file upload22.cif (mmCIF, N, CA and C atoms)
data_work
#
loop_
_atom_site.label_atom_id
_atom_site.label_comp_id
_atom_site.auth_asym_id
_atom_site.auth_seq_id
_atom_site.Cartn_x
_atom_site.Cartn_y
_atom_site.Cartn_z
N ASP A 1037 106.08 108.31 134.66
CA ASP A 1037 107.31 108.95 134.25
C ASP A 1037 108.08 108.14 133.22
N TRP A 1038 108.15 106.82 133.44
CA TRP A 1038 108.91 105.97 132.51
C TRP A 1038 108.29 105.96 131.12
N GLY A 1039 106.95 105.90 131.08
CA GLY A 1039 106.28 105.91 129.78
C GLY A 1039 106.52 107.19 129.02
N LEU A 1040 106.49 108.33 129.71
CA LEU A 1040 106.74 109.62 129.07
C LEU A 1040 108.18 109.71 128.58
N LEU A 1041 109.11 109.20 129.39
CA LEU A 1041 110.51 109.22 129.00
C LEU A 1041 110.75 108.32 127.79
N ALA A 1042 110.15 107.14 127.79
CA ALA A 1042 110.27 106.24 126.64
C ALA A 1042 109.69 106.89 125.38
N ASN A 1043 108.55 107.56 125.53
CA ASN A 1043 107.94 108.25 124.39
C ASN A 1043 108.84 109.35 123.84
N TYR A 1044 109.54 110.04 124.75
CA TYR A 1044 110.45 111.10 124.33
C TYR A 1044 111.46 110.56 123.32
N TYR A 1045 112.04 109.40 123.62
CA TYR A 1045 113.04 108.82 122.72
C TYR A 1045 112.39 108.06 121.56
N ASN A 1046 111.21 107.48 121.76
CA ASN A 1046 110.51 106.80 120.67
C ASN A 1046 110.15 107.76 119.55
N GLN A 1047 109.78 109.00 119.90
CA GLN A 1047 109.42 109.97 118.87
C GLN A 1047 110.57 110.19 117.89
N LYS A 1048 111.79 110.14 118.39
CA LYS A 1048 112.96 110.38 117.55
C LYS A 1048 113.10 109.27 116.51
N VAL A 1049 112.91 108.04 116.94
CA VAL A 1049 113.02 106.90 116.02
C VAL A 1049 111.85 106.89 115.04
N LEU A 1050 110.64 107.14 115.54
CA LEU A 1050 109.47 107.18 114.66
C LEU A 1050 109.63 108.25 113.59
N ASP A 1051 110.13 109.41 113.97
CA ASP A 1051 110.30 110.49 113.00
C ASP A 1051 111.40 110.17 112.00
N LEU A 1052 112.46 109.51 112.45
CA LEU A 1052 113.53 109.11 111.54
C LEU A 1052 113.01 108.12 110.49
N ILE A 1053 112.26 107.14 110.93
CA ILE A 1053 111.71 106.15 109.99
C ILE A 1053 110.77 106.83 109.01
N TYR A 1054 109.91 107.70 109.53
CA TYR A 1054 108.98 108.41 108.64
C TYR A 1054 109.74 109.25 107.61
N SER A 1055 110.72 110.00 108.06
CA SER A 1055 111.49 110.86 107.15
C SER A 1055 112.27 110.05 106.12
N GLU A 1056 112.84 108.93 106.56
CA GLU A 1056 113.60 108.08 105.64
C GLU A 1056 112.70 107.51 104.55
N GLY A 1057 111.43 107.29 104.88
CA GLY A 1057 110.49 106.72 103.91
C GLY A 1057 110.21 107.60 102.71
N PHE A 1058 110.54 108.89 102.78
CA PHE A 1058 110.35 109.77 101.62
C PHE A 1058 111.27 109.37 100.47
N SER A 1059 112.50 109.00 100.80
CA SER A 1059 113.47 108.70 99.75
C SER A 1059 113.75 107.22 99.58
N ASN A 1060 113.48 106.44 100.61
CA ASN A 1060 113.76 105.01 100.55
C ASN A 1060 112.44 104.25 100.67
N PHE A 1061 111.94 103.75 99.56
CA PHE A 1061 110.64 103.10 99.54
C PHE A 1061 110.62 101.79 100.32
N ASN A 1062 111.78 101.26 100.65
CA ASN A 1062 111.84 100.02 101.43
C ASN A 1062 111.75 100.27 102.93
N THR A 1063 111.78 101.51 103.34
CA THR A 1063 111.71 101.84 104.76
C THR A 1063 110.26 102.06 105.15
N ASP A 1064 109.84 101.36 106.19
CA ASP A 1064 108.47 101.49 106.65
C ASP A 1064 108.40 101.11 108.12
N PHE A 1065 107.28 101.41 108.75
CA PHE A 1065 107.08 101.05 110.15
C PHE A 1065 106.87 99.55 110.27
N PRO A 1066 107.20 98.99 111.42
CA PRO A 1066 106.92 97.56 111.63
C PRO A 1066 105.42 97.32 111.74
N ASN A 1067 105.02 96.07 111.71
CA ASN A 1067 103.60 95.74 111.80
C ASN A 1067 103.02 96.00 113.18
N ALA A 1068 103.85 96.08 114.20
CA ALA A 1068 103.38 96.34 115.56
C ALA A 1068 104.33 97.33 116.23
N ILE A 1069 103.73 98.30 116.92
CA ILE A 1069 104.49 99.28 117.69
C ILE A 1069 103.88 99.28 119.09
N TYR A 1070 104.70 99.12 120.10
CA TYR A 1070 104.21 99.03 121.47
C TYR A 1070 104.51 100.32 122.23
N LEU A 1071 103.44 100.93 122.75
CA LEU A 1071 103.54 102.16 123.54
C LEU A 1071 102.72 101.98 124.80
N ASP A 1072 103.02 102.78 125.82
CA ASP A 1072 102.25 102.72 127.05
C ASP A 1072 100.90 103.41 126.92
N ALA A 1073 100.82 104.50 126.20
CA ALA A 1073 99.57 105.24 126.10
C ALA A 1073 99.59 106.17 124.90
N VAL A 1074 98.40 106.39 124.34
CA VAL A 1074 98.21 107.40 123.32
C VAL A 1074 97.28 108.44 123.92
N ASP A 1075 97.67 109.70 123.82
CA ASP A 1075 96.95 110.79 124.45
C ASP A 1075 95.91 111.38 123.49
N LEU A 1076 95.19 112.38 123.95
CA LEU A 1076 94.21 113.08 123.12
C LEU A 1076 94.84 113.54 121.82
N GLY A 1077 94.09 113.45 120.75
CA GLY A 1077 94.59 113.90 119.46
C GLY A 1077 95.57 112.94 118.82
N GLY A 1078 95.70 111.72 119.35
CA GLY A 1078 96.62 110.75 118.77
C GLY A 1078 98.08 111.02 119.06
N LEU A 1079 98.35 111.79 120.12
CA LEU A 1079 99.73 112.10 120.48
C LEU A 1079 100.30 111.05 121.41
N ILE A 1080 101.61 110.90 121.37
CA ILE A 1080 102.28 110.22 122.48
C ILE A 1080 102.91 111.32 123.30
N ARG A 1081 102.59 111.36 124.58
CA ARG A 1081 103.09 112.41 125.45
C ARG A 1081 104.58 112.25 125.67
N THR A 1082 105.32 113.32 125.47
CA THR A 1082 106.77 113.31 125.63
C THR A 1082 107.23 114.28 126.69
N GLY A 1083 106.33 115.08 127.22
CA GLY A 1083 106.67 116.11 128.19
C GLY A 1083 106.95 115.54 129.56
N THR A 1084 107.02 116.43 130.53
CA THR A 1084 107.44 116.05 131.87
C THR A 1084 106.30 115.96 132.88
N ALA A 1085 105.13 116.51 132.55
CA ALA A 1085 104.00 116.45 133.48
C ALA A 1085 103.37 115.06 133.44
N ARG A 1086 103.20 114.47 134.59
CA ARG A 1086 102.62 113.13 134.65
C ARG A 1086 101.19 113.13 134.13
N ILE A 1087 100.80 112.02 133.55
CA ILE A 1087 99.46 111.90 132.98
C ILE A 1087 98.42 111.68 134.07
N THR A 1088 98.75 110.93 135.09
CA THR A 1088 97.78 110.62 136.13
C THR A 1088 97.52 111.85 137.00
N PRO A 1089 96.27 112.07 137.38
CA PRO A 1089 95.96 113.25 138.19
C PRO A 1089 96.40 113.13 139.65
N LEU A 1090 96.95 111.99 140.04
CA LEU A 1090 97.36 111.80 141.42
C LEU A 1090 98.59 112.63 141.77
N HIS A 1091 99.34 112.98 140.79
CA HIS A 1091 100.59 113.72 141.01
C HIS A 1091 100.49 115.08 140.35
N ARG A 1092 100.20 116.09 141.10
CA ARG A 1092 100.01 117.44 140.55
C ARG A 1092 101.26 118.29 140.63
N ASN A 1093 102.32 117.79 141.23
CA ASN A 1093 103.53 118.58 141.38
C ASN A 1093 104.25 118.71 140.04
N VAL A 1094 104.29 119.90 139.51
CA VAL A 1094 104.99 120.17 138.26
C VAL A 1094 106.16 121.09 138.58
N ASP A 1095 107.33 120.67 138.21
CA ASP A 1095 108.52 121.49 138.40
C ASP A 1095 108.45 122.65 137.41
N HIS A 1096 108.50 123.86 137.90
CA HIS A 1096 108.32 125.03 137.04
C HIS A 1096 109.44 125.20 136.02
N ARG A 1097 110.58 124.55 136.21
CA ARG A 1097 111.64 124.63 135.21
C ARG A 1097 111.25 123.88 133.94
N ALA A 1098 110.31 122.94 134.05
CA ALA A 1098 109.93 122.12 132.90
C ALA A 1098 108.58 122.50 132.33
N VAL A 1099 107.98 123.57 132.80
CA VAL A 1099 106.63 123.94 132.37
C VAL A 1099 106.55 124.12 130.85
N GLY A 1100 107.58 124.64 130.22
CA GLY A 1100 107.55 124.85 128.78
C GLY A 1100 107.36 123.57 127.98
N HIS A 1101 107.70 122.45 128.55
CA HIS A 1101 107.56 121.17 127.86
C HIS A 1101 106.69 120.19 128.65
N ALA A 1102 105.94 120.68 129.61
CA ALA A 1102 105.20 119.80 130.51
C ALA A 1102 104.24 118.86 129.78
N THR A 1103 103.52 119.36 128.80
CA THR A 1103 102.53 118.52 128.12
C THR A 1103 102.84 118.34 126.64
N ASP A 1104 104.10 118.44 126.27
CA ASP A 1104 104.49 118.20 124.88
C ASP A 1104 104.07 116.82 124.43
N GLY A 1105 103.85 116.70 123.14
CA GLY A 1105 103.50 115.40 122.58
C GLY A 1105 103.93 115.32 121.13
N TYR A 1106 104.07 114.12 120.63
CA TYR A 1106 104.47 113.87 119.25
C TYR A 1106 103.26 113.32 118.48
N ALA A 1107 103.10 113.74 117.25
CA ALA A 1107 101.96 113.37 116.41
C ALA A 1107 102.06 111.92 115.94
N TYR A 1108 101.90 111.00 116.87
CA TYR A 1108 102.03 109.57 116.59
C TYR A 1108 101.01 109.08 115.57
N ALA A 1109 99.73 109.28 115.84
CA ALA A 1109 98.68 108.78 114.95
C ALA A 1109 98.78 109.44 113.58
N ALA A 1110 99.02 110.74 113.54
CA ALA A 1110 99.14 111.44 112.26
C ALA A 1110 100.34 110.95 111.47
N THR A 1111 101.42 110.59 112.16
CA THR A 1111 102.61 110.08 111.48
C THR A 1111 102.33 108.72 110.84
N LEU A 1112 101.65 107.84 111.57
CA LEU A 1112 101.32 106.54 110.99
C LEU A 1112 100.35 106.69 109.82
N LEU A 1113 99.36 107.58 109.97
CA LEU A 1113 98.43 107.84 108.86
C LEU A 1113 99.18 108.40 107.66
N ALA A 1114 100.07 109.34 107.89
CA ALA A 1114 100.82 109.95 106.79
C ALA A 1114 101.69 108.92 106.07
N ALA A 1115 102.28 108.01 106.81
CA ALA A 1115 103.09 106.96 106.17
C ALA A 1115 102.22 106.05 105.31
N ASN A 1116 101.04 105.70 105.80
CA ASN A 1116 100.13 104.87 105.02
C ASN A 1116 99.61 105.60 103.79
N VAL A 1117 99.26 106.87 103.94
CA VAL A 1117 98.81 107.66 102.79
C VAL A 1117 99.93 107.77 101.77
N ARG A 1118 101.15 108.02 102.23
CA ARG A 1118 102.29 108.13 101.31
C ARG A 1118 102.48 106.83 100.52
N ARG A 1119 102.37 105.69 101.21
CA ARG A 1119 102.53 104.40 100.55
C ARG A 1119 101.45 104.22 99.48
N LEU A 1120 100.22 104.56 99.80
CA LEU A 1120 99.12 104.42 98.84
C LEU A 1120 99.25 105.41 97.69
N CYS A 1121 99.73 106.61 97.98
CA CYS A 1121 99.86 107.63 96.94
C CYS A 1121 100.94 107.30 95.91
N ARG A 1122 101.83 106.42 96.25
CA ARG A 1122 102.83 106.00 95.27
C ARG A 1122 102.19 105.23 94.12
N GLN A 1123 100.97 104.72 94.37
CA GLN A 1123 100.26 103.94 93.36
C GLN A 1123 99.12 104.73 92.71
N ARG A 1124 98.86 105.95 93.21
CA ARG A 1124 97.75 106.75 92.71
C ARG A 1124 98.23 108.18 92.47
N ASP A 1125 97.49 108.89 91.63
CA ASP A 1125 97.83 110.28 91.35
C ASP A 1125 96.88 111.27 92.01
N ASP A 1126 95.79 110.82 92.57
CA ASP A 1126 94.72 111.72 93.02
C ASP A 1126 94.64 111.86 94.54
N CYS A 1127 95.75 111.82 95.23
CA CYS A 1127 95.66 111.86 96.69
C CYS A 1127 96.48 112.98 97.32
N SER A 1128 96.78 114.01 96.56
CA SER A 1128 97.58 115.10 97.13
C SER A 1128 96.80 115.85 98.21
N SER A 1129 95.50 115.91 98.11
CA SER A 1129 94.70 116.62 99.11
C SER A 1129 94.77 115.94 100.47
N ILE A 1130 94.57 114.64 100.50
CA ILE A 1130 94.63 113.93 101.79
C ILE A 1130 96.06 113.88 102.32
N ALA A 1131 97.03 113.79 101.42
CA ALA A 1131 98.44 113.80 101.86
C ALA A 1131 98.76 115.12 102.54
N SER A 1132 98.28 116.25 101.99
CA SER A 1132 98.56 117.53 102.65
C SER A 1132 97.81 117.67 103.96
N GLN A 1133 96.63 117.06 104.07
CA GLN A 1133 95.88 117.13 105.33
C GLN A 1133 96.61 116.41 106.45
N VAL A 1134 97.12 115.20 106.17
CA VAL A 1134 97.82 114.47 107.23
C VAL A 1134 99.16 115.12 107.57
N GLU A 1135 99.82 115.71 106.58
CA GLU A 1135 101.06 116.44 106.86
C GLU A 1135 100.78 117.66 107.72
N GLU A 1136 99.65 118.32 107.49
CA GLU A 1136 99.27 119.46 108.32
C GLU A 1136 99.05 119.02 109.78
N GLU A 1137 98.45 117.86 109.98
CA GLU A 1137 98.26 117.33 111.33
C GLU A 1137 99.61 117.01 111.99
N ARG A 1138 100.53 116.47 111.21
CA ARG A 1138 101.87 116.17 111.74
C ARG A 1138 102.58 117.46 112.18
N ARG A 1139 102.44 118.51 111.41
CA ARG A 1139 103.11 119.78 111.71
C ARG A 1139 102.61 120.41 113.01
N LYS A 1140 101.43 120.05 113.46
CA LYS A 1140 100.90 120.61 114.71
C LYS A 1140 101.68 120.13 115.93
N HIS A 1141 102.25 118.93 115.85
CA HIS A 1141 103.01 118.35 116.97
C HIS A 1141 104.24 117.62 116.43
N PRO A 1142 105.23 118.37 115.96
CA PRO A 1142 106.42 117.74 115.36
C PRO A 1142 107.36 117.17 116.43
N LEU A 1143 108.39 116.53 115.95
CA LEU A 1143 109.47 116.07 116.81
C LEU A 1143 109.95 117.26 117.64
N SER A 1144 110.04 117.07 118.95
CA SER A 1144 110.44 118.16 119.84
C SER A 1144 111.46 117.60 120.83
N LEU A 1145 112.69 118.06 120.73
CA LEU A 1145 113.76 117.62 121.61
C LEU A 1145 114.30 118.80 122.38
N TRP A 1146 114.70 118.57 123.62
CA TRP A 1146 115.25 119.63 124.45
C TRP A 1146 116.18 119.03 125.49
N GLU A 1147 116.98 119.87 126.10
CA GLU A 1147 117.91 119.45 127.14
C GLU A 1147 117.27 119.60 128.52
N ASP A 1148 117.11 118.50 129.22
CA ASP A 1148 116.60 118.48 130.59
C ASP A 1148 117.14 117.21 131.24
N SER A 1149 118.42 117.24 131.56
CA SER A 1149 119.09 116.02 132.06
C SER A 1149 118.52 115.58 133.40
N ASP A 1150 117.93 116.49 134.19
CA ASP A 1150 117.30 116.10 135.46
C ASP A 1150 116.15 115.13 135.23
N ARG A 1151 115.50 115.23 134.09
CA ARG A 1151 114.38 114.37 133.77
C ARG A 1151 114.69 113.40 132.63
N GLY A 1152 115.97 113.24 132.31
CA GLY A 1152 116.40 112.25 131.34
C GLY A 1152 116.21 112.63 129.89
N ARG A 1153 115.92 113.88 129.59
CA ARG A 1153 115.71 114.28 128.21
C ARG A 1153 116.96 114.96 127.66
N LEU A 1154 117.54 114.34 126.65
CA LEU A 1154 118.74 114.86 126.00
C LEU A 1154 118.45 115.02 124.51
N ALA A 1155 118.74 116.19 123.98
CA ALA A 1155 118.42 116.47 122.59
C ALA A 1155 119.31 115.70 121.61
N GLY A 1156 120.55 115.46 121.96
CA GLY A 1156 121.47 114.84 121.03
C GLY A 1156 121.74 113.37 121.24
N TRP A 1157 120.92 112.71 122.05
CA TRP A 1157 121.13 111.30 122.32
C TRP A 1157 119.85 110.53 122.06
N PRO A 1158 119.89 109.36 121.55
CA PRO A 1158 121.05 108.76 120.89
C PRO A 1158 121.28 109.40 119.54
N VAL A 1159 122.49 109.31 119.09
CA VAL A 1159 122.82 109.85 117.77
C VAL A 1159 122.31 108.85 116.74
N LEU A 1160 121.38 109.30 115.91
CA LEU A 1160 120.80 108.44 114.88
C LEU A 1160 121.07 109.04 113.52
N SER A 1161 121.24 108.17 112.55
CA SER A 1161 121.37 108.62 111.17
C SER A 1161 120.52 107.71 110.32
N ASN A 1162 120.35 108.07 109.08
CA ASN A 1162 119.55 107.24 108.17
C ASN A 1162 120.14 105.85 108.01
N GLN A 1163 121.44 105.71 108.24
CA GLN A 1163 122.06 104.40 108.11
C GLN A 1163 121.68 103.49 109.27
N ASP A 1164 121.14 104.10 110.37
CA ASP A 1164 120.74 103.31 111.52
C ASP A 1164 119.36 102.67 111.35
N VAL A 1165 118.63 103.06 110.33
CA VAL A 1165 117.30 102.51 110.10
C VAL A 1165 117.45 101.05 109.68
N LEU A 1166 116.80 100.18 110.43
CA LEU A 1166 116.88 98.75 110.13
C LEU A 1166 115.81 98.34 109.17
N MET A 1167 116.17 97.51 108.22
CA MET A 1167 115.19 96.95 107.29
C MET A 1167 115.26 95.44 107.40
N VAL A 1168 114.12 94.84 107.62
CA VAL A 1168 114.06 93.39 107.74
C VAL A 1168 113.29 92.82 106.59
#
call {"tool": "encode", "arguments": {"input": "upload22.cif", "output": "structure tokens"}}
result
Amino acid sequence: DWGLLANYYNQKVLDLIYSEGFSNFNTDFPNAIYLDAVDLGGLIRTGTARITPLHRNVDHRAVGHATDGYAYAATLLAANVRRLCRQRDDCSSIASQVEEERRKHPLSLWEDSDRGRLAGWPVLSNQDVLMV
């Protein structure tokens, strides 16, 4: 549960950094990102259904978001492709491919305070992106 909850909020920061990188060339991901698990398809699970098969109890109020995930691997690939494409002119095809993969599992926020998921918290803006 804790890993899924952390992923829910991590997706927001990862997406902010990725989005900021379009206009601010100095914004990029750190050299290391620590997560509890990466799911099938390179997703980080953000939903409410536990990953381990030992716990099969799913609250039906959360079924709509039970297995949600964020396109973690595709986001990192897209950021790397974008960085490389700034130096080349012939990479629009691969850039659109990784963006298509990102669109399959975009940032997904919802209100479920019983499970710690809040759509508007924390409040982040582009000015909150740290550059070291």
call {"tool": "residues_around", "arguments": {"input": "upload22.cif", "residues": "segment 1134-1148 of chain A", "least_positions_apart": "6", "cutoff": "6 Å", "atoms": "all atoms listed in the file", "output": "list in words"}}
result
Gly1105, Tyr1106, Ala1107, Ala1110, Thr1111, Ala1114, Leu1154 and Ala1155 of chain A
call {"tool": "select_by_dssp", "arguments": {"input": "upload22.cif", "residues": "chain A", "states": "alpha helix (DSSP H)", "output": "short mmCIF file (atom, residue, chain, number, x, y, z; two decimals) with N, CA and C atoms, in the frame of the given file"}}
result
data_model
loop_
_atom_site.label_atom_id
_atom_site.label_comp_id
_atom_site.auth_asym_id
_atom_site.auth_seq_id
_atom_site.Cartn_x
_atom_site.Cartn_y
_atom_site.Cartn_z
N TRP A 1038 108.15 106.82 133.44
CA TRP A 1038 108.91 105.97 132.51
C TRP A 1038 108.29 105.96 131.12
N GLY A 1039 106.95 105.90 131.08
CA GLY A 1039 106.28 105.91 129.78
C GLY A 1039 106.52 107.19 129.02
N LEU A 1040 106.49 108.33 129.71
CA LEU A 1040 106.74 109.62 129.07
C LEU A 1040 108.18 109.71 128.58
N LEU A 1041 109.11 109.20 129.39
CA LEU A 1041 110.51 109.22 129.00
C LEU A 1041 110.75 108.32 127.79
N ALA A 1042 110.15 107.14 127.79
CA ALA A 1042 110.27 106.24 126.64
C ALA A 1042 109.69 106.89 125.38
N ASN A 1043 108.55 107.56 125.53
CA ASN A 1043 107.94 108.25 124.39
C ASN A 1043 108.84 109.35 123.84
N TYR A 1044 109.54 110.04 124.75
CA TYR A 1044 110.45 111.10 124.33
C TYR A 1044 111.46 110.56 123.32
N TYR A 1045 112.04 109.40 123.62
CA TYR A 1045 113.04 108.82 122.72
C TYR A 1045 112.39 108.06 121.56
N ASN A 1046 111.21 107.48 121.76
CA ASN A 1046 110.51 106.80 120.67
C ASN A 1046 110.15 107.76 119.55
N GLN A 1047 109.78 109.00 119.90
CA GLN A 1047 109.42 109.97 118.87
C GLN A 1047 110.57 110.19 117.89
N LYS A 1048 111.79 110.14 118.39
CA LYS A 1048 112.96 110.38 117.55
C LYS A 1048 113.10 109.27 116.51
N VAL A 1049 112.91 108.04 116.94
CA VAL A 1049 113.02 106.90 116.02
C VAL A 1049 111.85 106.89 115.04
N LEU A 1050 110.64 107.14 115.54
CA LEU A 1050 109.47 107.18 114.66
C LEU A 1050 109.63 108.25 113.59
N ASP A 1051 110.13 109.41 113.97
CA ASP A 1051 110.30 110.49 113.00
C ASP A 1051 111.40 110.17 112.00
N LEU A 1052 112.46 109.51 112.45
CA LEU A 1052 113.53 109.11 111.54
C LEU A 1052 113.01 108.12 110.49
N ILE A 1053 112.26 107.14 110.93
CA ILE A 1053 111.71 106.15 109.99
C ILE A 1053 110.77 106.83 109.01
N TYR A 1054 109.91 107.70 109.53
CA TYR A 1054 108.98 108.41 108.64
C TYR A 1054 109.74 109.25 107.61
N SER A 1055 110.72 110.00 108.06
CA SER A 1055 111.49 110.86 107.15
C SER A 1055 112.27 110.05 106.12
N GLU A 1056 112.84 108.93 106.56
CA GLU A 1056 113.60 108.08 105.64
C GLU A 1056 112.70 107.51 104.55
N TYR A 1108 101.90 111.00 116.87
CA TYR A 1108 102.03 109.57 116.59
C TYR A 1108 101.01 109.08 115.57
N ALA A 1109 99.73 109.28 115.84
CA ALA A 1109 98.68 108.78 114.95
C ALA A 1109 98.78 109.44 113.58
N ALA A 1110 99.02 110.74 113.54
CA ALA A 1110 99.14 111.44 112.26
C ALA A 1110 100.34 110.95 111.47
N THR A 1111 101.42 110.59 112.16
CA THR A 1111 102.61 110.08 111.48
C THR A 1111 102.33 108.72 110.84
N LEU A 1112 101.65 107.84 111.57
CA LEU A 1112 101.32 106.54 110.99
C LEU A 1112 100.35 106.69 109.82
N LEU A 1113 99.36 107.58 109.97
CA LEU A 1113 98.43 107.84 108.86
C LEU A 1113 99.18 108.40 107.66
N ALA A 1114 100.07 109.34 107.89
CA ALA A 1114 100.82 109.95 106.79
C ALA A 1114 101.69 108.92 106.07
N ALA A 1115 102.28 108.01 106.81
CA ALA A 1115 103.09 106.96 106.17
C ALA A 1115 102.22 106.05 105.31
N ASN A 1116 101.04 105.70 105.80
CA ASN A 1116 100.13 104.87 105.02
C ASN A 1116 99.61 105.60 103.79
N VAL A 1117 99.26 106.87 103.94
CA VAL A 1117 98.81 107.66 102.79
C VAL A 1117 99.93 107.77 101.77
N ARG A 1118 101.15 108.02 102.23
CA ARG A 1118 102.29 108.13 101.31
C ARG A 1118 102.48 106.83 100.52
N ARG A 1119 102.37 105.69 101.21
CA ARG A 1119 102.53 104.40 100.55
C ARG A 1119 101.45 104.22 99.48
N LEU A 1120 100.22 104.56 99.80
CA LEU A 1120 99.12 104.42 98.84
C LEU A 1120 99.25 105.41 97.69
N CYS A 1121 99.73 106.61 97.98
CA CYS A 1121 99.86 107.63 96.94
C CYS A 1121 100.94 107.30 95.91
N SER A 1128 96.78 114.01 96.56
CA SER A 1128 97.58 115.10 97.13
C SER A 1128 96.80 115.85 98.21
N SER A 1129 95.50 115.91 98.11
CA SER A 1129 94.70 116.62 99.11
C SER A 1129 94.77 115.94 100.47
N ILE A 1130 94.57 114.64 100.50
CA ILE A 1130 94.63 113.93 101.79
C ILE A 1130 96.06 113.88 102.32
N ALA A 1131 97.03 113.79 101.42
CA ALA A 1131 98.44 113.80 101.86
C ALA A 1131 98.76 115.12 102.54
N SER A 1132 98.28 116.25 101.99
CA SER A 1132 98.56 117.53 102.65
C SER A 1132 97.81 117.67 103.96
N GLN A 1133 96.63 117.06 104.07
CA GLN A 1133 95.88 117.13 105.33
C GLN A 1133 96.61 116.41 106.45
N VAL A 1134 97.12 115.20 106.17
CA VAL A 1134 97.82 114.47 107.23
C VAL A 1134 99.16 115.12 107.57
N GLU A 1135 99.82 115.71 106.58
CA GLU A 1135 101.06 116.44 106.86
C GLU A 1135 100.78 117.66 107.72
N GLU A 1136 99.65 118.32 107.49
CA GLU A 1136 99.27 119.46 108.32
C GLU A 1136 99.05 119.02 109.78
N GLU A 1137 98.45 117.86 109.98
CA GLU A 1137 98.26 117.33 111.33
C GLU A 1137 99.61 117.01 111.99
N ARG A 1138 100.53 116.47 111.21
CA ARG A 1138 101.87 116.17 111.74
C ARG A 1138 102.58 117.46 112.18
N ARG A 1139 102.44 118.51 111.41
CA ARG A 1139 103.11 119.78 111.71
C ARG A 1139 102.61 120.41 113.01
N LYS A 1140 101.43 120.05 113.46
CA LYS A 1140 100.90 120.61 114.71
C LYS A 1140 101.68 120.13 115.93
#
call {"tool": "select_by_dssp", "arguments": {"input": "upload22.cif", "residues": "chain A", "states": "strand (DSSP E)", "output": "ChimeraX atom specification"}}
result
/A:1080-1081,1105-1106
call {"tool": "atom_distance", "arguments": {"input": "upload22.cif", "atom1": "atom CA of His1101 of chain A", "atom2": "atom CA of Phe1065 of chain A"}}
result
26.8 Å
call {"tool": "residues_around", "arguments": {"input": "upload22.cif", "residues": "segment 1051-1053 of chain A", "least_positions_apart": "4", "cutoff": "6.5 Å", "atoms": "all atoms listed in the file", "output": "PyMOL selection string"}}
result
chain A and resi 1046-1047+1057+1063-1065
call {"tool": "residues_around", "arguments": {"input": "upload22.cif", "residues": "Leu1041 of chain A", "least_positions_apart": "5", "cutoff": "7 Å", "atoms": "all atoms listed in the file", "output": "number ranges by chain"}}
result
A: 1046, 1081-1083, 1151-1152
call {"tool": "closest_residue", "arguments": {"input": "upload22.cif", "among": "A:Ile1130, A:Ala1042, A:Ala1085, A:Leu1160", "to": "Leu1071 of chain A", "atoms": "all atoms listed in the file"}}
result
A:Ala1042
call {"tool": "closest_residue", "arguments": {"input": "upload22.cif", "among": "A:Phe1058, A:Asp1104, A:Cys1127, A:Ser1149", "to": "Ile1080 of chain A", "atoms": "only N, CA and C atoms"}}
result
A:Asp1104
call {"tool": "atom_distance", "arguments": {"input": "upload22.cif", "atom1": "atom N of Val1074 of chain A", "atom2": "atom N of Ala1115 of chain A"}}
result
18.0 Å
call {"tool": "atom_distance", "arguments": {"input": "upload22.cif", "atom1": "atom CA of Tyr1108 of chain A", "atom2": "atom CA of Arg1086 of chain A"}}
result
18.4 Å
call {"tool": "decode", "arguments": {"input": "upload22.cif", "residues": "segment 1120-1131 of chain A", "atoms": "N, CA and C atoms", "output": "PDB file, in the first residue's frame"}}
result
ATOM      1  N   LEU A1120      18.312  14.255 -26.791  1.00  0.00           N
ATOM      2  CA  LEU A1120      19.112  13.921 -27.971  1.00  0.00           C
ATOM      3  C   LEU A1120      18.610  14.636 -29.218  1.00  0.00           C
ATOM      4  N   CYS A1121      17.304  14.789 -29.336  1.00  0.00           N
ATOM      5  CA  CYS A1121      16.729  15.435 -30.518  1.00  0.00           C
ATOM      6  C   CYS A1121      17.053  16.927 -30.590  1.00  0.00           C
ATOM      7  N   ARG A1122      17.434  17.510 -29.497  1.00  0.00           N
ATOM      8  CA  ARG A1122      17.839  18.918 -29.533  1.00  0.00           C
ATOM      9  C   ARG A1122      19.128  19.091 -30.334  1.00  0.00           C
ATOM     10  N   GLN A1123      19.861  17.988 -30.504  1.00  0.00           N
ATOM     11  CA  GLN A1123      21.127  18.030 -31.233  1.00  0.00           C
ATOM     12  C   GLN A1123      21.016  17.428 -32.630  1.00  0.00           C
ATOM     13  N   ARG A1124      19.843  16.859 -32.959  1.00  0.00           N
ATOM     14  CA  ARG A1124      19.664  16.195 -34.247  1.00  0.00           C
ATOM     15  C   ARG A1124      18.336  16.642 -34.864  1.00  0.00           C
ATOM     16  N   ASP A1125      18.245  16.479 -36.171  1.00  0.00           N
ATOM     17  CA  ASP A1125      17.011  16.845 -36.863  1.00  0.00           C
ATOM     18  C   ASP A1125      16.192  15.633 -37.303  1.00  0.00           C
ATOM     19  N   ASP A1126      16.737  14.446 -37.210  1.00  0.00           N
ATOM     20  CA  ASP A1126      16.113  13.265 -37.820  1.00  0.00           C
ATOM     21  C   ASP A1126      15.471  12.315 -36.806  1.00  0.00           C
ATOM     22  N   CYS A1127      14.916  12.827 -35.740  1.00  0.00           N
ATOM     23  CA  CYS A1127      14.396  11.916 -34.721  1.00  0.00           C
ATOM     24  C   CYS A1127      12.926  12.154 -34.387  1.00  0.00           C
ATOM     25  N   SER A1128      12.197  12.788 -35.283  1.00  0.00           N
ATOM     26  CA  SER A1128      10.787  13.046 -34.989  1.00  0.00           C
ATOM     27  C   SER A1128       9.979  11.749 -34.913  1.00  0.00           C
ATOM     28  N   SER A1129      10.369  10.737 -35.652  1.00  0.00           N
ATOM     29  CA  SER A1129       9.637   9.469 -35.640  1.00  0.00           C
ATOM     30  C   SER A1129       9.731   8.787 -34.278  1.00  0.00           C
ATOM     31  N   ILE A1130      10.921   8.679 -33.746  1.00  0.00           N
ATOM     32  CA  ILE A1130      11.073   8.026 -32.437  1.00  0.00           C
ATOM     33  C   ILE A1130      10.487   8.891 -31.332  1.00  0.00           C
ATOM     34  N   ALA A1131      10.583  10.207 -31.477  1.00  0.00           N
ATOM     35  CA  ALA A1131       9.982  11.103 -30.475  1.00  0.00           C
ATOM     36  C   ALA A1131       8.474  10.899 -30.428  1.00  0.00           C
TER      37      ALA A1131
END
